[in-house]
Each structure stands twice: as structure tokens, then as C-alpha cells.
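Pasting entry.txt here (compact mmCIF, C-alpha atoms and all ligand atoms):
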# COMPACT_ATOMS: atom_id res chain seq x y z
CA MET A 1 0.00 0.00 0.00
CA PRO A 2 1.63 3.27 -1.07
CA ILE A 3 2.21 5.87 1.61
CA ASP A 4 1.41 8.74 -0.75
CA SER A 5 -2.28 7.95 -0.99
CA PRO A 6 -3.95 9.19 2.22
CA ALA A 7 -7.40 7.78 1.42
CA SER A 8 -6.11 4.22 1.21
CA LEU A 9 -4.11 4.74 4.40
CA ARG A 10 -7.22 5.73 6.32
CA SER A 11 -8.98 2.63 5.08
CA ALA A 12 -6.13 0.47 6.42
CA PHE A 13 -7.10 1.43 9.98
CA ALA A 14 -10.18 0.51 12.01
CA VAL A 15 -10.95 4.16 12.78
CA PRO A 16 -14.49 5.28 11.85
CA GLU A 17 -15.01 8.41 9.75
CA ASP A 18 -16.50 10.41 12.60
CA VAL A 19 -13.54 9.84 14.93
CA SER A 20 -10.44 12.02 14.78
CA TYR A 21 -7.86 10.10 16.73
CA PHE A 22 -4.68 11.90 17.80
CA ASN A 23 -3.64 9.66 20.68
CA THR A 24 -1.27 7.07 19.19
CA ALA A 25 1.15 7.92 22.01
CA ASN A 26 -1.37 6.38 24.38
CA LEU A 27 -2.66 3.39 22.39
CA SER A 28 -2.19 2.89 18.65
CA PRO A 29 -5.14 2.95 16.29
CA MET A 30 -5.59 -0.60 15.01
CA LEU A 31 -4.78 -1.72 11.49
CA HIS A 32 -7.44 -3.97 9.97
CA ALA A 33 -4.60 -6.35 9.10
CA VAL A 34 -3.63 -6.55 12.76
CA GLN A 35 -7.19 -7.10 13.91
CA HIS A 36 -7.69 -9.85 11.31
CA ALA A 37 -4.41 -11.51 12.28
CA GLY A 38 -5.61 -11.52 15.90
CA GLU A 39 -9.00 -12.96 15.00
CA ASP A 40 -7.40 -15.67 12.87
CA ALA A 41 -4.95 -16.45 15.65
CA LEU A 42 -7.73 -16.76 18.18
CA SER A 43 -9.66 -19.12 15.89
CA ARG A 44 -6.56 -21.20 15.43
CA ARG A 45 -5.91 -21.26 19.16
CA ALA A 46 -9.40 -22.72 19.55
CA ARG A 47 -8.14 -25.73 17.55
CA PRO A 48 -4.94 -26.62 19.44
CA TRP A 49 -4.56 -29.84 17.47
CA THR A 50 -3.68 -27.69 14.45
CA ILE A 51 -0.75 -26.09 16.30
CA ALA A 52 2.46 -28.02 15.66
CA GLU A 53 5.61 -28.11 17.80
CA ASP A 54 7.40 -25.93 15.27
CA ASP A 55 4.72 -23.24 15.72
CA TRP A 56 6.05 -22.62 19.23
CA PHE A 57 9.14 -21.15 17.55
CA SER A 58 8.49 -20.08 13.96
CA GLY A 59 6.25 -17.02 14.53
CA VAL A 60 8.46 -15.75 17.30
CA GLU A 61 11.57 -16.01 15.14
CA ARG A 62 9.84 -14.19 12.29
CA LEU A 63 8.84 -11.41 14.69
CA ARG A 64 12.36 -11.19 16.08
CA ALA A 65 13.75 -10.71 12.58
CA LEU A 66 11.15 -8.07 11.65
CA VAL A 67 11.61 -6.00 14.79
CA GLY A 68 15.36 -6.38 14.51
CA GLU A 69 15.05 -4.81 11.06
CA LEU A 70 12.84 -2.03 12.42
CA LEU A 71 15.59 -0.88 14.74
CA GLY A 72 18.49 -1.52 12.43
CA GLY A 73 19.72 -4.46 14.47
CA ASP A 74 19.98 -8.21 14.21
CA ALA A 75 17.31 -10.73 15.15
CA ASP A 76 19.76 -12.35 17.57
CA GLY A 77 19.86 -9.17 19.65
CA LEU A 78 16.12 -9.07 20.12
CA ALA A 79 14.34 -10.42 23.21
CA LEU A 80 10.56 -10.60 23.53
CA VAL A 81 9.42 -8.99 26.76
CA PRO A 82 5.99 -8.06 28.13
CA ALA A 83 6.65 -4.41 28.93
CA THR A 84 9.22 -1.65 28.86
CA SER A 85 9.68 -2.09 32.60
CA TYR A 86 10.80 -5.68 31.99
CA GLY A 87 13.39 -4.49 29.46
CA PHE A 88 14.63 -1.89 31.92
CA ALA A 89 14.85 -4.55 34.62
CA VAL A 90 17.00 -6.79 32.38
CA ALA A 91 19.26 -3.82 31.61
CA ALA A 92 19.58 -2.84 35.28
CA ASN A 93 20.27 -6.47 36.18
CA ASN A 94 23.15 -6.67 33.74
CA LEU A 95 24.87 -3.31 34.07
CA ARG A 96 27.41 -2.97 36.84
CA PRO A 97 27.72 0.76 37.53
CA PRO A 98 30.30 1.50 40.22
CA SER A 99 28.96 2.79 43.52
CA GLY A 100 28.99 6.57 43.76
CA SER A 101 28.44 6.96 40.00
CA ARG A 102 25.40 8.56 38.42
CA VAL A 103 22.41 7.46 36.35
CA LEU A 104 21.38 10.31 34.06
CA VAL A 105 17.65 10.64 33.29
CA LEU A 106 15.43 13.38 31.91
CA ASP A 107 13.10 15.39 34.08
CA GLY A 108 9.56 14.03 33.92
CA GLU A 109 10.58 10.74 32.32
CA TYR A 110 8.14 7.84 32.19
CA PRO A 111 7.95 6.05 35.58
CA SER A 112 8.90 2.53 34.35
CA GLY A 113 12.52 3.55 33.87
CA ILE A 114 12.70 5.89 36.84
CA TYR A 115 11.53 3.28 39.34
CA THR A 116 13.98 0.73 37.91
CA TRP A 117 16.92 3.12 38.21
CA ARG A 118 15.84 4.16 41.70
CA ARG A 119 15.97 0.55 42.82
CA LEU A 120 19.37 0.01 41.22
CA ALA A 121 20.58 3.26 42.80
CA ALA A 122 19.53 2.05 46.23
CA GLN A 123 21.17 -1.34 45.68
CA ARG A 124 24.47 -0.02 44.33
CA GLU A 125 24.69 3.38 46.01
CA LEU A 126 24.25 5.38 42.84
CA GLU A 127 23.03 8.91 42.39
CA ILE A 128 20.14 9.74 40.04
CA LEU A 129 21.03 12.82 38.01
CA THR A 130 17.82 14.38 36.67
CA VAL A 131 18.44 16.77 33.79
CA ARG A 132 15.98 19.65 33.42
CA ARG A 133 15.41 21.58 30.23
CA GLU A 134 14.97 25.34 30.30
CA PRO A 135 12.10 26.71 28.20
CA GLY A 136 13.33 26.99 24.62
CA GLU A 137 16.31 24.70 25.27
CA ALA A 138 16.83 21.45 23.34
CA TRP A 139 17.24 18.29 25.43
CA ALA A 140 20.71 17.56 24.06
CA ASP A 141 21.89 21.04 25.07
CA ALA A 142 20.69 20.34 28.59
CA VAL A 143 22.12 16.81 28.71
CA LEU A 144 25.58 17.14 27.15
CA PRO A 145 27.13 19.50 29.75
CA ARG A 146 25.96 17.17 32.55
CA LEU A 147 27.18 14.01 30.85
CA ASP A 148 30.68 13.60 32.27
CA GLU A 149 32.86 10.81 33.68
CA ARG A 150 30.77 10.61 36.84
CA VAL A 151 27.85 9.26 34.80
CA SER A 152 27.81 5.46 34.39
CA VAL A 153 24.35 5.00 32.83
CA VAL A 154 22.43 7.31 30.50
CA SER A 155 18.75 6.43 30.17
CA VAL A 156 16.96 8.51 27.55
CA PRO A 157 14.20 8.30 24.93
CA ASN A 158 14.22 9.67 21.38
CA VAL A 159 11.34 12.01 22.26
CA HIS A 160 9.95 12.94 25.65
CA TRP A 161 6.73 11.04 26.23
CA THR A 162 4.76 14.07 27.50
CA ASP A 163 5.23 16.43 24.57
CA GLY A 164 7.41 14.85 21.88
CA SER A 165 10.34 17.16 22.67
CA TRP A 166 13.30 15.85 20.72
CA VAL A 167 16.38 14.18 22.15
CA ASP A 168 19.28 14.13 19.70
CA LEU A 169 20.33 10.55 20.35
CA ALA A 170 23.36 10.70 18.05
CA SER A 171 25.10 13.39 20.13
CA VAL A 172 24.05 11.83 23.44
CA ALA A 173 25.31 8.41 22.30
CA GLU A 174 28.62 9.85 21.18
CA ARG A 175 29.20 11.65 24.49
CA ALA A 176 28.11 8.57 26.46
CA ARG A 177 30.75 6.56 24.62
CA GLU A 178 33.41 9.21 25.26
CA VAL A 179 32.80 9.14 29.02
CA GLY A 180 32.34 5.35 29.18
CA ALA A 181 28.67 5.45 30.23
CA ALA A 182 26.20 2.74 29.21
CA LEU A 183 23.32 3.94 27.04
CA VAL A 184 19.79 2.64 27.57
CA ILE A 185 17.09 3.90 25.21
CA ASP A 186 13.37 3.78 25.89
CA ALA A 187 12.04 3.71 22.32
CA SER A 188 8.39 3.23 23.34
CA GLN A 189 7.39 6.62 21.98
CA SER A 190 9.38 6.45 18.76
CA LEU A 191 10.09 2.92 17.48
CA GLY A 192 8.19 2.51 14.20
CA ALA A 193 7.65 6.24 13.63
CA VAL A 194 11.19 7.60 13.91
CA PRO A 195 14.18 5.91 12.25
CA LEU A 196 16.38 4.23 14.84
CA ASP A 197 19.65 2.58 13.93
CA VAL A 198 21.29 0.62 16.72
CA GLY A 199 24.18 -0.11 14.36
CA LYS A 200 25.04 3.59 14.32
CA LEU A 201 24.03 4.60 17.85
CA ARG A 202 25.52 1.50 19.50
CA PRO A 203 23.35 1.62 22.64
CA ASP A 204 23.71 -1.02 25.33
CA PHE A 205 19.99 -1.73 25.53
CA VAL A 206 16.84 -0.52 23.77
CA THR A 207 13.49 -1.27 25.38
CA SER A 208 10.07 -0.59 23.94
CA VAL A 209 6.38 -1.32 24.20
CA GLY A 210 4.74 -2.70 21.07
CA TYR A 211 1.31 -1.10 21.32
CA LYS A 212 1.97 2.51 20.37
CA TRP A 213 3.97 3.53 17.27
CA GLN A 214 4.61 -0.14 16.56
CA LEU A 215 0.83 -0.62 15.96
CA GLY A 216 0.93 -4.00 17.68
CA PRO A 217 -0.99 -5.72 20.48
CA PHE A 218 -0.82 -4.74 24.13
CA GLY A 219 1.48 -7.08 26.04
CA ARG A 220 4.15 -7.68 23.41
CA GLY A 221 7.20 -5.49 24.00
CA TYR A 222 10.80 -5.66 22.83
CA LEU A 223 14.31 -5.48 24.22
CA TRP A 224 17.38 -5.20 22.06
CA ALA A 225 20.71 -5.98 23.74
CA ALA A 226 24.14 -5.10 22.37
CA PRO A 227 26.36 -8.11 21.57
CA GLU A 228 28.43 -7.63 24.76
CA HIS A 229 25.28 -8.00 26.89
CA ARG A 230 23.96 -11.22 25.40
CA ASP A 231 25.54 -13.55 27.92
CA GLY A 232 23.99 -11.91 30.97
CA SER A 233 21.45 -12.99 33.59
CA PRO A 234 17.81 -13.26 32.59
CA LEU A 235 15.19 -12.13 35.09
CA GLU A 236 13.60 -15.59 35.09
CA GLU A 237 14.55 -19.10 34.08
CA ASN A 238 12.00 -20.39 31.61
CA TRP A 239 12.27 -23.65 29.73
CA ILE A 240 11.91 -22.32 26.20
CA SER A 241 14.90 -19.98 26.30
CA ARG A 242 17.20 -22.93 27.10
CA ALA A 243 19.23 -24.64 24.37
CA GLU A 244 17.43 -27.34 22.40
CA SER A 245 14.02 -26.51 23.86
CA GLN A 246 12.68 -27.46 20.40
CA ASP A 247 13.13 -31.10 21.42
CA PHE A 248 9.92 -31.51 23.42
CA ALA A 249 10.59 -35.16 24.14
CA ARG A 250 13.80 -34.30 26.01
CA LEU A 251 12.89 -31.20 28.00
CA ILE A 252 13.93 -32.85 31.25
CA ASP A 253 17.45 -33.34 29.96
CA TYR A 254 18.04 -30.03 31.75
CA ARG A 255 20.53 -27.75 29.99
CA ASP A 256 22.84 -25.06 31.30
CA ALA A 257 23.13 -23.36 27.93
CA TYR A 258 20.59 -20.87 26.60
CA GLN A 259 19.24 -20.30 23.12
CA PRO A 260 21.66 -18.04 21.22
CA GLY A 261 21.81 -14.24 21.38
CA ALA A 262 19.43 -12.23 23.52
CA ARG A 263 16.80 -15.00 23.51
CA ARG A 264 17.79 -15.82 27.08
CA TYR A 265 15.96 -12.61 28.12
CA ASP A 266 12.66 -13.66 26.53
CA GLN A 267 9.74 -13.66 28.96
CA GLY A 268 8.17 -16.98 29.91
CA GLU A 269 5.40 -18.01 27.49
CA ARG A 270 6.77 -15.58 24.93
CA THR A 271 5.26 -17.64 22.11
CA MET A 272 1.91 -15.87 22.75
CA PHE A 273 -0.02 -17.69 20.04
CA GLU A 274 -2.79 -15.09 20.12
CA LEU A 275 -0.62 -11.96 20.02
CA THR A 276 2.44 -12.86 17.98
CA PRO A 277 0.60 -12.94 14.61
CA MET A 278 -0.77 -9.44 15.37
CA ALA A 279 2.70 -8.12 16.12
CA ILE A 280 4.01 -9.70 12.91
CA ALA A 281 1.23 -8.12 10.81
CA ALA A 282 1.89 -4.72 12.38
CA THR A 283 5.64 -4.83 11.87
CA GLU A 284 5.33 -6.11 8.30
CA GLN A 285 3.12 -3.13 7.49
CA LEU A 286 5.50 -0.64 9.13
CA LEU A 287 8.42 -2.06 7.18
CA ALA A 288 6.40 -2.02 3.93
CA TRP A 289 5.63 1.67 4.46
CA GLY A 290 9.18 2.33 5.64
CA VAL A 291 9.92 4.19 8.87
CA GLU A 292 11.50 7.15 7.09
CA ASP A 293 8.40 7.61 4.96
CA ILE A 294 6.12 7.24 7.98
CA ALA A 295 8.16 9.90 9.79
CA SER A 296 8.03 12.31 6.91
CA ALA A 297 4.27 11.81 6.34
CA LEU A 298 3.60 12.39 10.04
CA ALA A 299 5.91 15.42 10.08
CA THR A 300 3.66 16.99 7.45
CA VAL A 301 0.60 16.39 9.65
CA THR A 302 2.19 17.70 12.86
CA GLY A 303 3.75 20.64 10.97
CA THR A 304 0.32 21.67 9.68
CA ILE A 305 -1.17 21.40 13.16
CA VAL A 306 1.62 23.54 14.65
CA GLU A 307 1.13 26.17 11.96
CA ARG A 308 -2.63 26.33 12.29
CA THR A 309 -2.78 26.26 16.09
CA ARG A 310 -0.15 29.01 16.32
CA GLU A 311 -2.77 31.26 14.75
CA LEU A 312 -4.99 30.38 17.73
CA GLY A 313 -2.27 31.45 20.18
CA LEU A 314 -1.23 27.87 21.05
CA HIS A 315 2.49 27.16 20.80
CA PRO A 316 4.68 24.05 20.84
CA SER A 317 6.18 23.34 24.24
CA ALA A 318 9.67 22.70 22.86
CA PRO A 319 11.94 24.14 20.16
CA LYS A 320 12.09 20.80 18.37
CA HIS A 321 9.70 17.88 18.51
CA GLY A 322 9.49 14.43 16.96
CA PRO A 323 7.95 14.19 13.50
CA HIS A 324 5.04 12.24 14.96
CA LEU A 325 4.42 13.71 18.39
CA ILE A 326 3.88 17.31 19.45
CA GLY A 327 2.89 19.11 22.60
CA LEU A 328 1.04 22.41 22.70
CA ALA A 329 1.40 24.45 25.87
CA VAL A 330 -2.09 24.96 27.28
CA PRO A 331 -2.92 28.03 29.38
CA GLU A 332 -3.85 27.03 32.93
CA ALA A 333 -7.44 28.21 32.63
CA MET A 334 -8.06 25.80 29.75
CA ARG A 335 -6.41 22.68 31.16
CA ASP A 336 -9.40 21.06 32.86
CA ASN A 337 -11.69 21.55 29.90
CA ILE A 338 -9.62 21.03 26.82
CA VAL A 339 -9.76 17.23 26.53
CA PRO A 340 -13.53 17.03 27.25
CA ALA A 341 -14.11 19.85 24.74
CA LEU A 342 -12.16 17.93 22.09
CA GLU A 343 -14.00 14.72 22.89
CA ARG A 344 -17.35 16.43 22.38
CA ALA A 345 -16.14 17.01 18.82
CA ARG A 346 -14.97 13.37 18.64
CA CYS A 347 -11.31 14.42 18.64
CA TYR A 348 -9.03 12.41 20.87
CA ALA A 349 -5.75 13.75 22.27
CA ALA A 350 -4.20 13.73 25.75
CA LEU A 351 -3.24 16.23 28.40
CA ARG A 352 0.11 15.49 30.00
CA GLY A 353 0.92 18.06 32.68
CA SER A 354 0.43 21.48 31.11
CA VAL A 355 0.70 20.19 27.55
CA LEU A 356 -1.85 18.95 25.04
CA ARG A 357 -0.13 15.96 23.45
CA ILE A 358 -1.11 15.34 19.84
CA SER A 359 -0.01 12.10 18.26
CA PRO A 360 -1.46 11.22 14.85
CA HIS A 361 -0.69 8.16 12.74
CA LEU A 362 -1.20 7.58 9.05
CA HIS A 363 -4.98 7.26 9.47
CA VAL A 364 -5.23 11.02 10.02
CA THR A 365 -6.70 12.96 7.09
CA ASP A 366 -7.04 16.67 6.34
CA ALA A 367 -10.63 16.45 7.60
CA ASP A 368 -9.35 15.20 10.99
CA VAL A 369 -6.91 18.11 11.21
CA ASP A 370 -9.72 20.54 10.34
CA ARG A 371 -11.91 19.05 13.06
CA LEU A 372 -9.10 19.29 15.62
CA VAL A 373 -8.30 22.89 14.76
CA ASP A 374 -12.00 23.86 14.81
CA ALA A 375 -12.51 22.23 18.20
CA LEU A 376 -9.39 23.92 19.58
CA SER A 377 -10.43 27.30 18.25
CA ARG A 378 -13.82 26.94 19.99
CA ALA A 379 -12.03 25.90 23.23
CA VAL A 380 -9.69 28.90 22.99
CA ALA A 381 -12.63 31.25 22.37
CA GLY A 382 -14.19 29.77 25.55
C1 LIG A 401 8.14 6.47 27.32
C2 LIG A 401 7.30 5.32 27.77
N1 LIG A 401 7.90 4.23 28.23
C3 LIG A 401 7.18 3.17 28.66
C4 LIG A 401 5.81 3.18 28.63
C5 LIG A 401 5.04 1.97 29.11
O1 LIG A 401 5.74 1.32 30.13
P1 LIG A 401 5.47 -0.20 30.49
O2 LIG A 401 5.66 -0.99 29.25
O3 LIG A 401 6.51 -0.47 31.52
O4 LIG A 401 4.07 -0.30 31.01
C6 LIG A 401 5.14 4.31 28.16
C7 LIG A 401 3.67 4.37 28.14
O5 LIG A 401 3.07 5.40 27.95
C8 LIG A 401 5.91 5.41 27.71
O6 LIG A 401 5.33 6.51 27.24
For the structure just supplied, provide its representation as C-alpha cells.
Amino acid sequence: MPIDSPASLRSAFAVPEDVSYFNTANLSPMLHAVQHAGEDALSRRARPWTIAEDDWFSGVERLRALVGELLGGDADGLALVPATSYGFAVAANNLRPPSGSRVLVLDGEYPSGIYTWRRLAAQRELEILTVRREPGEAWADAVLPRLDERVSVVSVPNVHWTDGSWVDLASVAERAREVGAALVIDASQSLGAVPLDVGKLRPDFVTSVGYKWQLGPFGRGYLWAAPEHRDGSPLEENWISRAESQDFARLIDYRDAYQPGARRYDQGERTMFELTPMAIAATEQLLAWGVEDIASALATVTGTIVERTRELGLHPSAPKHGPHLIGLAVPEAMRDNIVPALERARCYAALRGSVLRISPHLHVTDADVDRLVDALSRAVAG
């Protein structure tokens, strides 16, 4: 399906005509292909006698290869995890920051990472260094001066989850390498909509949900581990991540070795017969569109929204935002009412702190943007 034909893109998604959905950052709109894959998978699951031993492995390996491609990495580096927090926990479990060193995070970061680093900090006597951004300042300009030899772990996203403010990962990764700090990326709010190349950035770990910009089912997340971290300790010891688990007749010939690569970090029951086909369908579609093309199509949408809402006196909360995710600073008097006012017009966006977060995907048409701008202009007029 070509990305340059907006009408066909809308019809790829299960979003009715009268709904203008700008909340992909919360939960993705669903592709028909993903819904159908889920329905087919559920029907198949109702006939377990049709599920062969090889099916415990084949879908999962296909998904690993597809998501590996999505982030510019290898399938071997990909582990299948239930949530970002699980990926963070694997990372924290396998990094050995010296006591007294610092974990650098952004102000207002998503709690899953913060709580993980707080626990590690308590265990290993680390300091959490929270970097704040001045109004008008880019994240990298705030981060780089604080990123020195005292920092042992840098945990950052590609865009801030509250308002899409941009983090220049290339410069952060380069400085992290210079000072010898490990780099952990939470790609939950960017993977699938913003090009990410682990080959170039060389992070230690990348963790992500699968139900936002990846257009996949809730409950299937991803962790990519750099080659030097693929012989670490998993959080749990499940049977299927052990070597030769394909041989069902000999599962009680207990093995010390794991499956190769980052598979040792897979969650228990990662086969997820019902969800894996949905995640495969979603990732196949993203790769067919191409992440660069998705990013540039969404940049056009968010650019138009920024331009048109500026005329209403609403301004982006940061000097640079992701192509797919923007935040508009909302005057205090409007904060309680803005989301309900939008919903009355069947427009769906989110308030995060003082910011209206707008996160379209390729289902969004010009008519949706018109409806959003109209609803906002009525809200501004009071
Ligand atoms: C940046 C970011 N990370 C992680 C998550 C989800 O975390 P978890 O998978 O641990 O529930 C979200 C959800 O909104 C998010 O925005």
C-alpha cells in the first residue's frame, strides 16, 4: 500500500469516519490487518490440534527478525518482553555501575525507567542525576554538559513522552561513549515512527512497548541488547529460552546453555499464540511503508497542526519535537476543559501536565486536522 495515498491509508485502519484520533502515544489505532491476524490467531488457538511443535518457535523467530530490522539491528539481539519495565529490569540487572556513580535521566521521564533506576541506585549506592530543560532549550543542550565521567548510565528516549520534545540521540550516544557510560534507550514513543539505527548509535539496551507507534498488540514489547550484553542474567529461568528446547521429548534433559543471542531474556510463554501474529502483521506493514516515509508523512501532519494552532495562540512546548508527536502548551485556565471539549467534537488527544499531546498516525486525514483545529479554536474562544 503506497504511503502517498492518504485515502487508502485511512482505510487500512479501524478508525471510523467520525472519529479524529490523535492519541497514538497512548494506544495505537488498530490496522485492519492486525485485527484480522488476531482474529485468525484466536480461531486457530481454539483448535490446538492444528498447532504443531514448530509453531512454538516459527512465529516468534519471524517477529524477532522483523523488529530487529525495524531498529536496524539483528534478530539475535532481540528479546521478547511483556513491557518496557521488563526491558529496563534486564538492563539494570546486567549493568554494573560502580557505587557513587550517576544514572542520568530526563526530568519528567516515564515512571517505568525511573523506578527501575531508583531501585538500582539504592542497591548499588548510585546517584540519580535528573536533567531539566529550560524553556526553549533542546534536550541535548541540557544533557551534554551534565554528561561527564561521573555518569555510568544514561537512560533517555528519542522524544519525551509528554510532549514529543526531541532528544538528539546521536550526540548523546557519542558523548556517552566518550565518558564510558552505558546507554539505555526507551524507544516506546518512537520505534516505528522515527528511524532508529542501533548499528550507528551502538546503545547497550533498547526497550520498547509494542502497542503505540509499533501498531501492535498490548502485552508484546521488545528489548534489544548489544552483543556484549547477550551472555547476561535473565530475570527468570524459563524452559523455552534454554538450548534445544525445540526437542519436546527431552525437555527434562536439563541444559545449562541458553538459546543463542538475547533469547535468554525472553519472557516466559513468549510464544503468545494469540498476540504474535498481530505483532508480525503490524511490523510487516510498518516495514512495507518504511519508517522514514512514515516519519516524513507524520511530520507533514504535525507541521500543519503547529502552523494552524499558532494562529490560535497555542504554541509548541519545545523548540524541536518528533515528526510524529507534538505538545502544545495549554494556558492554565483551559487545562481542565480542553480534553472534554475535544472529545465532544470526537477528537481524541491527551493532556500530559500542562501540555496537550497530539499524536497522529497515518490514518489522520485533512478532515481530521480541520476538526481538531475547529474544536481547539472553539475551546480557545471559551
Ligand atoms: C516512554 C514510555 N515508556 C514506557 C511506557 C510503558 O511502560 P510499560 O511498558 O513499563 O508499562 C510508556 C507508556 O506510555 C511510555 O510513554
- Message: Considering only C-alpha atoms, can you say which of A:Ile240, A:Val369, A:Val291, A:Ala140 comes closest to Glu307 of chain A?
- Response: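 Among the listed residues, the smallest separation from Glu307 of chain A belongs to A:Val369.
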- Item | Residue neighbourhood segment 52-66 of chain A, 8 Å, all atoms listed in the file, exclusion window fewer than 6 positions, as a VMD selection string | chain A and resid 74 to 76 78 to 80 246 248 270 to 271 273 276 to 277 279 to 280 283 to 284 287
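Taking all atoms listed in the file into account, Gly216 of chain A lies nearest to A:His32 out of the set A:Arg371, A:His32, A:Arg132, A:Arg10.
Minimum atom-to-atom distances from A:Pro29, A:Gly136, A:Gly164, A:Gly38 to ligand LIG 401 (chain A) were compared using all atoms listed in the file, and the lowest value belongs to A:Gly164.
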- Contacts with ligand LIG 401 (chain A) at most 6 Å, all atoms listed in the file counted, listed as a ChimeraX atom specification: /A:26,83-85,110,112,161,186,188-189,209
Residues from last step as file, C-alpha atoms, as a PDB file, in the frame of the given file:
ATOM      1  CA  ASN A  26      -1.370   6.380  24.380  1.00  0.00           C
ATOM      2  CA  ALA A  83       6.650  -4.410  28.930  1.00  0.00           C
ATOM      3  CA  THR A  84       9.220  -1.650  28.860  1.00  0.00           C
ATOM      4  CA  SER A  85       9.680  -2.090  32.600  1.00  0.00           C
ATOM      5  CA  TYR A 110       8.140   7.840  32.190  1.00  0.00           C
ATOM      6  CA  SER A 112       8.900   2.530  34.350  1.00  0.00           C
ATOM      7  CA  TRP A 161       6.730  11.040  26.230  1.00  0.00           C
ATOM      8  CA  ASP A 186      13.370   3.780  25.890  1.00  0.00           C
ATOM      9  CA  SER A 188       8.390   3.230  23.340  1.00  0.00           C
ATOM     10  CA  GLN A 189       7.390   6.620  21.980  1.00  0.00           C
ATOM     11  CA  VAL A 209       6.380  -1.320  24.200  1.00  0.00           C
TER      12      VAL A 209
END
Need the axis-aligned box for segment 315-320 of chain A with 8 Å each side, so what are the centre and edges in Å to one decimal, as AutoDock Vina command-line options?
--center_x 7.3 --center_y 24.0 --center_z 21.3 --size_x 25.6 --size_y 22.4 --size_z 21.9
- What does the distance from atom CA of Asp204 of chain A to atom CA of Ala92 of chain A come to in Å, to one decimal? 10.9 Å
- Item | Nearby residues, (26.4, 11.0, 18.4) file frame, 12 Å, all atoms listed in the file, as a PyMOL selection string | chain A and resi 140+144+167-178+183+197-198+200-203
- Option closest in space to Ser233 of chain A, from A:Gly77, A:Gly219, A:Met272, A:Leu95 [counting all atoms listed in the file]: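 Comparing A:Gly77, A:Gly219, A:Met272, A:Leu95 against Ser233 of chain A, the winner is A:Leu95.
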- Message: Excluding Tyr258 of chain A and its own-chain neighbours fewer than 3 positions away, which residues fall within 8 Å of it when counting all atoms listed in the file? Please give them as a PyMOL selection string.
- Response: chain A and resi 241-243+255+263-264
Starting from the point (25.5, 6.5, 29.2), work out which residues of protein, DNA or RNA have an atom no more than 7 Å away when counting all atoms listed in the file; state them as a short mmCIF file (atom, residue, chain, number, x, y, z; two decimals) with C-alpha atoms, in the coordinates of the input.
data_model
loop_
_atom_site.label_atom_id
_atom_site.label_comp_id
_atom_site.auth_asym_id
_atom_site.auth_seq_id
_atom_site.Cartn_x
_atom_site.Cartn_y
_atom_site.Cartn_z
CA VAL A 151 27.85 9.26 34.80
CA SER A 152 27.81 5.46 34.39
CA VAL A 153 24.35 5.00 32.83
CA VAL A 154 22.43 7.31 30.50
CA SER A 155 18.75 6.43 30.17
CA ALA A 176 28.11 8.57 26.46
CA ARG A 177 30.75 6.56 24.62
CA GLY A 180 32.34 5.35 29.18
CA ALA A 181 28.67 5.45 30.23
CA ALA A 182 26.20 2.74 29.21
CA LEU A 183 23.32 3.94 27.04
#
Determine, using all atoms listed in the file, which residues of segment 209-283 of chain A have any atom at most 12 Å from an atom of segment 357-364 of chain A, and tabulate each with its shortest atom pair and distance in Å to one decimal place, rows ordered by chain and then rising number, as JSON lines.
{"residue": "A:Lys212", "atom": "CA", "partner": "A:His361", "partner_atom": "CA", "distance": 9.9}
{"residue": "A:Trp213", "atom": "CA", "partner": "A:His361", "partner_atom": "CA", "distance": 8.0}
{"residue": "A:Gln214", "atom": "CA", "partner": "A:His361", "partner_atom": "CA", "distance": 10.6}
{"residue": "A:Leu215", "atom": "CA", "partner": "A:His361", "partner_atom": "CA", "distance": 9.5}
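Of note, atom CA of Val103 of chain A and atom CA of Val184 of chain A are spaced 10.4 Å apart.
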- Message: Residues near segment 192-195 of chain A, anyone? I mean within 8 Å using only C-alpha atoms, not counting same-chain ones fewer than 3 positions away, as a list in words.
- Response: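 Contacts, with the query itself left out: Leu70, Leu71, Trp213, Gln214, Leu286, Val291, Glu292, Ile294, Ala295, Gly322, Pro323 and His324 of chain A.
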Neighbours of Gln267 of chain A within 8 Å (only C-alpha atoms; same-chain residues fewer than 5 positions away dropped), as a PDB file with C-alpha atoms, keeping the file's coordinate frame?
ATOM      1  CA  LEU A  80      10.560 -10.600  23.530  1.00  0.00           C
ATOM      2  CA  VAL A  81       9.420  -8.990  26.760  1.00  0.00           C
ATOM      3  CA  PRO A  82       5.990  -8.060  28.130  1.00  0.00           C
ATOM      4  CA  GLU A 236      13.600 -15.590  35.090  1.00  0.00           C
ATOM      5  CA  ASN A 238      12.000 -20.390  31.610  1.00  0.00           C
TER       6      ASN A 238
END
- Among listed residues A:Asp18, A:Glu125, A:Asp40, A:Asp163, nearest Pro316 of chain A (using only C-alpha atoms):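 Among the listed residues, A:Asp163 lies closest to Pro316 of chain A.
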- What is the atom CA of Val143 of chain A to atom CA of Val156 of chain A distance in Å?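 For atom CA of Val143 of chain A relative to atom CA of Val156 of chain A, the distance reads 9.8 Å.
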